[in-house]
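*Asks:* Have a look at this one before I ask anything.
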Amino acid sequence: MERIFNDTQVAFALKSDTELDRAYFLFKMIANEPLVRIGTAVTNFAIKAHLPVEGLIRATVFDHFCGGVNEDDCLPVVDKMFTKGVSSVLDYSVEGKEEEAQFDAALAMTLKTVDFAAERQAIPFAVFKPTGFGRFDLYQKVSEQRRLTKDEEVEWARVIERFDIVCRTAQQKNVALLIDAEESWMQDAADDIVDDMMRKYNKEKAIVFNTLQMYRHDRMEYLERLYGQAKTEGFYIGMKIVRGAYMEKENKRAEEKEYPTPICESKEATDINYDTAVQYMADHLDRMAIFAGTHNEESSYKLIDIMAQKGIAKNDARVWFGQLYGMSDNISYNLAQHGYNVAKYLPFGPVRDVMPYLIRRAEENTSVAGQTSRELTLLKTERDRRKAKS
């Protein structure tokens, strides 16, 4: 198979020399694990102490990984990426809220992004996190099947109503809706709601998408069970497939609370699980739609290969590739160049509120073996190519 992801001219066509240099400097910093730890601590302190650090953060890590502070701020980035065939998923990346007014604000913002998507070909999906619409502890309590108080029952009904309002609006406006996955000990409650939303709103095609974190060894079982229900009950399945974002936290909690970890025993087992899920969905594309969220080149090549073997058109609306903004441009832009459906998650929100997301990105790049070194190699290759040309 042609190794299309090595073409740095295509990958970084939208980056100026200055932006290329900034990206190289940023990934050099991220490659230094002690520096990331210190930087995280200092940043957290500065934010909590209300020190004026927004300008510095905005000029470096924020502008590399985020589209802007609000949805309008993102539009120049959205339009620019779409000139190269790369779509956007506007992701309101404000996390860790606890109050009803904040959940209602997140609902309003999500509805706004659904409207944005309905009006723009460049934004084919909307997205939200379950904990954007309700308290983490409440999801956990429902997941553990503990009895809710009367007040909590009312609160949980509001959470379900927020899901329903967004899913119904997405279906009415024909906008696909990605719902992110979170920690395993609250995920069952979220899965149950999303499954019900699929039953209601995926009658004709996949509008509502759940997310499978394939570092969990039980996710294939869940997918196969859901497929059986979809066939019997007559609805479609939308699924974003990712490896997962909370591995260290999952393993640590399992150890502390003395239960078997839900995480696969090795990176190799996770990779096999991921590829198995993608193959299974491609085999059942008559009732499924795939959003393959991955920065892994081999998994991307495998899906390309599966599509070719099965005669699935490169631009089949049921198959999308996805990466995060600021990462793996070599995958995103080269896929788009070859005619595949590809979308970048484009986070936005006030600088201070988006910091937990940014810190997770830095830590993820530091901990994922080879991710940062691959970014640096590609950036260096493109810098050298431009210097040789000038």
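Quick note on naming: the chains in the structure tokens go A, B, ... in the order shown, residues restart at 1 in each chain, and ligands are numbered from 1 in order of appearance.
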Tell me, counting only C-alpha atoms, for each residue of range 164-275 of chain A within 12 Å of range 92-111 of chain A, which pair of atoms is nearest and how far apart they are in Å to one decimal, in rows ordered by chain and increasing number, as a Markdown table.

*Replies:*
```
| residue | atom | partner | partner_atom | distance |
| --- | --- | --- | --- | --- |
| A:Asp164 | CA | A:Leu107 | CA | 10.6 |
| A:Ile165 | CA | A:Leu111 | CA | 8.6 |
| A:Val166 | CA | A:Leu111 | CA | 6.3 |
| A:Cys167 | CA | A:Leu111 | CA | 9.5 |
| A:Arg168 | CA | A:Leu111 | CA | 10.4 |
| A:Thr169 | CA | A:Leu111 | CA | 7.6 |
| A:Ala170 | CA | A:Leu111 | CA | 8.4 |
| A:Gln171 | CA | A:Leu111 | CA | 11.9 |
| A:Gln172 | CA | A:Leu111 | CA | 12.0 |
| A:Lys173 | CA | A:Leu111 | CA | 10.8 |
| A:Val175 | CA | A:Leu111 | CA | 10.9 |
| A:Leu177 | CA | A:Thr110 | CA | 9.9 |
| A:Leu178 | CA | A:Thr110 | CA | 11.0 |
| A:Ile179 | CA | A:Thr110 | CA | 11.0 |
| A:Asp180 | CA | A:Ser93 | CA | 11.2 |
| A:Glu182 | CA | A:Glu95 | CA | 11.4 |
```

*Asks:* Any chance you could export the current selection's N, CA and C atoms as a compact mmCIF listing (two decimals), in the first residue's frame?

*Replies:*
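Writing done, so here's out.txt:
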```txt
# COMPACT_ATOMS: atom_id res chain seq x y z
N ASP A 164 -31.91 14.62 24.91
CA ASP A 164 -33.02 14.47 23.96
C ASP A 164 -33.19 15.72 23.10
N ILE A 165 -33.08 16.89 23.72
CA ILE A 165 -33.24 18.15 22.98
C ILE A 165 -32.18 18.25 21.88
N VAL A 166 -30.94 17.94 22.22
CA VAL A 166 -29.86 18.05 21.23
C VAL A 166 -30.01 16.99 20.14
N CYS A 167 -30.29 15.75 20.53
CA CYS A 167 -30.41 14.67 19.54
C CYS A 167 -31.59 14.92 18.60
N ARG A 168 -32.70 15.39 19.15
CA ARG A 168 -33.88 15.69 18.33
C ARG A 168 -33.58 16.82 17.34
N THR A 169 -32.91 17.86 17.85
CA THR A 169 -32.55 19.00 16.98
C THR A 169 -31.59 18.56 15.87
N ALA A 170 -30.61 17.73 16.23
CA ALA A 170 -29.65 17.22 15.24
C ALA A 170 -30.36 16.42 14.16
N GLN A 171 -31.31 15.60 14.58
CA GLN A 171 -32.05 14.78 13.61
C GLN A 171 -32.91 15.66 12.69
N GLN A 172 -33.54 16.67 13.28
CA GLN A 172 -34.38 17.58 12.49
C GLN A 172 -33.54 18.36 11.47
N LYS A 173 -32.32 18.70 11.86
CA LYS A 173 -31.46 19.52 10.98
C LYS A 173 -30.47 18.67 10.17
N VAL A 175 -27.93 16.80 11.09
CA VAL A 175 -26.54 16.99 11.51
C VAL A 175 -26.12 15.80 12.37
N LEU A 177 -24.23 13.75 15.17
CA LEU A 177 -23.90 14.22 16.52
C LEU A 177 -23.02 13.20 17.22
N LEU A 178 -21.80 13.60 17.54
CA LEU A 178 -20.85 12.74 18.25
C LEU A 178 -20.97 12.98 19.75
N ILE A 179 -21.10 11.91 20.53
CA ILE A 179 -21.16 12.03 21.99
C ILE A 179 -19.94 11.34 22.56
N ASP A 180 -19.10 12.09 23.23
CA ASP A 180 -17.82 11.57 23.70
C ASP A 180 -17.99 10.56 24.84
N GLU A 182 -16.32 8.93 28.48
CA GLU A 182 -15.52 9.41 29.62
C GLU A 182 -15.09 8.22 30.48
```

*Asks:* Excluding Ile272 in chain A and any residue of its chain fewer than 2 positions from it, enumerate the residues within 12 Å of it, using only C-alpha atoms, and give them as a VMD selection string.

*Replies:* chain A and resid 214 to 217 220 243 264 to 270 274 to 279 298 to 299 302

*Asks:* Could those residues be written to a file, using C-alpha atoms, as a PDB file, in the first residue's frame?

*Replies:*
```
ATOM      1  CA  MET A 214     -11.063   0.478  22.723  1.00  0.00           C
ATOM      2  CA  TYR A 215      -8.470   0.357  25.490  1.00  0.00           C
ATOM      3  CA  ARG A 216     -11.410  -1.134  27.410  1.00  0.00           C
ATOM      4  CA  HIS A 217     -11.510  -4.886  26.858  1.00  0.00           C
ATOM      5  CA  MET A 220     -16.452  -5.311  21.523  1.00  0.00           C
ATOM      6  CA  ARG A 243      -8.257   4.122  21.782  1.00  0.00           C
ATOM      7  CA  CYS A 264      -6.482  -3.997  28.001  1.00  0.00           C
ATOM      8  CA  GLU A 265      -3.333  -5.670  29.280  1.00  0.00           C
ATOM      9  CA  SER A 266      -1.029  -4.030  26.708  1.00  0.00           C
ATOM     10  CA  LYS A 267      -0.756  -1.431  23.970  1.00  0.00           C
ATOM     11  CA  GLU A 268      -0.738  -4.290  21.443  1.00  0.00           C
ATOM     12  CA  ALA A 269      -4.002  -5.691  22.865  1.00  0.00           C
ATOM     13  CA  THR A 270      -5.568  -2.203  22.582  1.00  0.00           C
ATOM     14  CA  TYR A 274      -9.341  -1.076  17.951  1.00  0.00           C
ATOM     15  CA  ASP A 275      -8.736  -2.707  14.583  1.00  0.00           C
ATOM     16  CA  THR A 276     -11.222  -5.501  15.393  1.00  0.00           C
ATOM     17  CA  ALA A 277     -13.943  -2.921  16.096  1.00  0.00           C
ATOM     18  CA  VAL A 278     -13.262  -1.069  12.840  1.00  0.00           C
ATOM     19  CA  GLN A 279     -13.332  -4.330  10.859  1.00  0.00           C
ATOM     20  CA  GLU A 298      -1.221   1.780  10.837  1.00  0.00           C
ATOM     21  CA  SER A 299      -4.875   1.752  11.928  1.00  0.00           C
ATOM     22  CA  LYS A 302      -5.876  -0.720   7.717  1.00  0.00           C
TER      23      LYS A 302
END
```

*Asks:* Using only C-alpha atoms, which of A:Lys141, A:His284, A:Lys28, A:Arg22 sits nearest Tyr236 in chain A?

*Replies:*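 Distance minimum relative to Tyr236 in chain A lands on A:His284.
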
*Asks:* Can you list, as number ranges by chain, all residues belonging to range 64-120 of chain A that DSSP tags as alpha helix (DSSP H)?

*Replies:* A: 64-65, 71-82, 100-119

*Asks:* Write out, as a tab-separated table (two decimals), in the first residue's frame, the residues just selected, with C-alpha atoms.

*Replies:*
```
chain	number	residue	atom	x	y	z
A	64	HIS	CA	-1.86	25.41	18.25
A	65	PHE	CA	-4.50	23.06	19.71
A	71	GLU	CA	-17.50	29.62	17.85
A	72	ASP	CA	-17.19	32.72	15.61
A	73	ASP	CA	-13.48	32.84	16.41
A	74	CYS	CA	-13.18	29.35	14.87
A	75	LEU	CA	-14.66	30.16	11.48
A	76	PRO	CA	-11.46	31.43	9.79
A	77	VAL	CA	-9.73	28.18	10.86
A	78	VAL	CA	-12.72	26.11	9.67
A	79	ASP	CA	-12.76	27.82	6.27
A	80	LYS	CA	-8.98	27.58	5.87
A	81	MET	CA	-8.90	23.83	6.59
A	82	PHE	CA	-11.83	23.21	4.26
A	100	GLU	CA	-27.46	23.37	36.55
A	101	ALA	CA	-26.97	26.82	35.03
A	102	GLN	CA	-23.61	25.67	33.61
A	103	PHE	CA	-25.19	22.55	32.13
A	104	ASP	CA	-27.92	24.65	30.53
A	105	ALA	CA	-25.24	26.96	29.11
A	106	ALA	CA	-23.43	23.93	27.64
A	107	LEU	CA	-26.73	22.78	26.12
A	108	ALA	CA	-27.28	26.20	24.55
A	109	MET	CA	-23.73	26.20	23.15
A	110	THR	CA	-24.14	22.67	21.75
A	111	LEU	CA	-27.38	23.68	20.04
A	112	LYS	CA	-25.56	26.66	18.57
A	113	THR	CA	-22.89	24.34	17.12
A	114	VAL	CA	-25.66	22.16	15.65
A	115	ASP	CA	-26.99	25.29	13.92
A	116	PHE	CA	-23.48	26.13	12.71
A	117	ALA	CA	-23.11	22.62	11.31
A	118	ALA	CA	-26.52	22.76	9.59
A	119	GLU	CA	-25.45	25.93	7.77
```

*Asks:* Write out as CSV a residue-level contact list of range 349-379 of chain A versus range 319-330 of chain A with cut-off 10 Å: for each qualifying residue the closest pair of atoms and the distance in Å to one decimal, counting only C-alpha atoms, rows sorted by chain and residue number upward.

*Replies:*
```
residue,atom,partner,partner_atom,distance
A:Arg361,CA,A:Leu324,CA,9.5
A:Asn365,CA,A:Met327,CA,9.3
A:Gln371,CA,A:Ser328,CA,8.7
A:Thr372,CA,A:Met327,CA,9.3
A:Arg374,CA,A:Ser328,CA,8.8
A:Glu375,CA,A:Ser328,CA,7.0
A:Leu378,CA,A:Asn330,CA,7.8
A:Leu379,CA,A:Asn330,CA,9.7
```

*Asks:* For Val89 in chain A, find every residue with an atom within 8 Å (counting only C-alpha atoms), except residues of its own chain fewer than 2 positions away, and show them as JSON, numbers by chain.

*Replies:* {"A": [87, 91, 123, 124, 125, 126, 127, 343, 344, 345, 346]}

*Asks:* Residues of the last selection are to be written out with N, CA and C atoms, as an mmCIF file, in the first residue's frame.

*Replies:*
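Contents of out.cif, as written:
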```
data_model
loop_
_atom_site.group_PDB
_atom_site.id
_atom_site.type_symbol
_atom_site.label_atom_id
_atom_site.label_comp_id
_atom_site.auth_asym_id
_atom_site.auth_seq_id
_atom_site.Cartn_x
_atom_site.Cartn_y
_atom_site.Cartn_z
ATOM 1 N N SER A 87 -12.643 18.772 7.043
ATOM 2 C CA SER A 87 -13.802 19.332 7.745
ATOM 3 C C SER A 87 -13.473 19.575 9.218
ATOM 4 N N ASP A 91 -15.798 21.760 18.980
ATOM 5 C CA ASP A 91 -15.842 21.056 20.267
ATOM 6 C C ASP A 91 -15.712 22.066 21.404
ATOM 7 N N ILE A 123 -18.645 21.826 8.339
ATOM 8 C CA ILE A 123 -18.828 21.323 9.709
ATOM 9 C C ILE A 123 -19.895 20.225 9.670
ATOM 10 N N PRO A 124 -19.498 18.983 9.414
ATOM 11 C CA PRO A 124 -20.482 17.911 9.233
ATOM 12 C C PRO A 124 -21.000 17.291 10.523
ATOM 13 N N PHE A 125 -20.344 17.574 11.657
ATOM 14 C CA PHE A 125 -20.725 16.978 12.942
ATOM 15 C C PHE A 125 -20.801 18.048 14.028
ATOM 16 N N ALA A 126 -21.663 17.788 15.011
ATOM 17 C CA ALA A 126 -21.603 18.505 16.292
ATOM 18 C C ALA A 126 -21.152 17.489 17.343
ATOM 19 N N VAL A 127 -20.788 17.979 18.535
ATOM 20 C CA VAL A 127 -20.262 17.073 19.559
ATOM 21 C C VAL A 127 -20.527 17.631 20.950
ATOM 22 N N ALA A 343 -12.211 14.744 9.326
ATOM 23 C CA ALA A 343 -12.599 15.914 10.120
ATOM 24 C C ALA A 343 -11.652 16.073 11.301
ATOM 25 N N LYS A 344 -11.327 17.306 11.593
ATOM 26 C CA LYS A 344 -10.517 17.632 12.767
ATOM 27 C C LYS A 344 -11.437 18.091 13.900
ATOM 28 N N TYR A 345 -11.231 17.543 15.089
ATOM 29 C CA TYR A 345 -11.869 18.091 16.294
ATOM 30 C C TYR A 345 -11.250 19.455 16.557
ATOM 31 N N LEU A 346 -12.077 20.491 16.588
ATOM 32 C CA LEU A 346 -11.582 21.856 16.767
ATOM 33 C C LEU A 346 -12.094 22.414 18.091
#
```
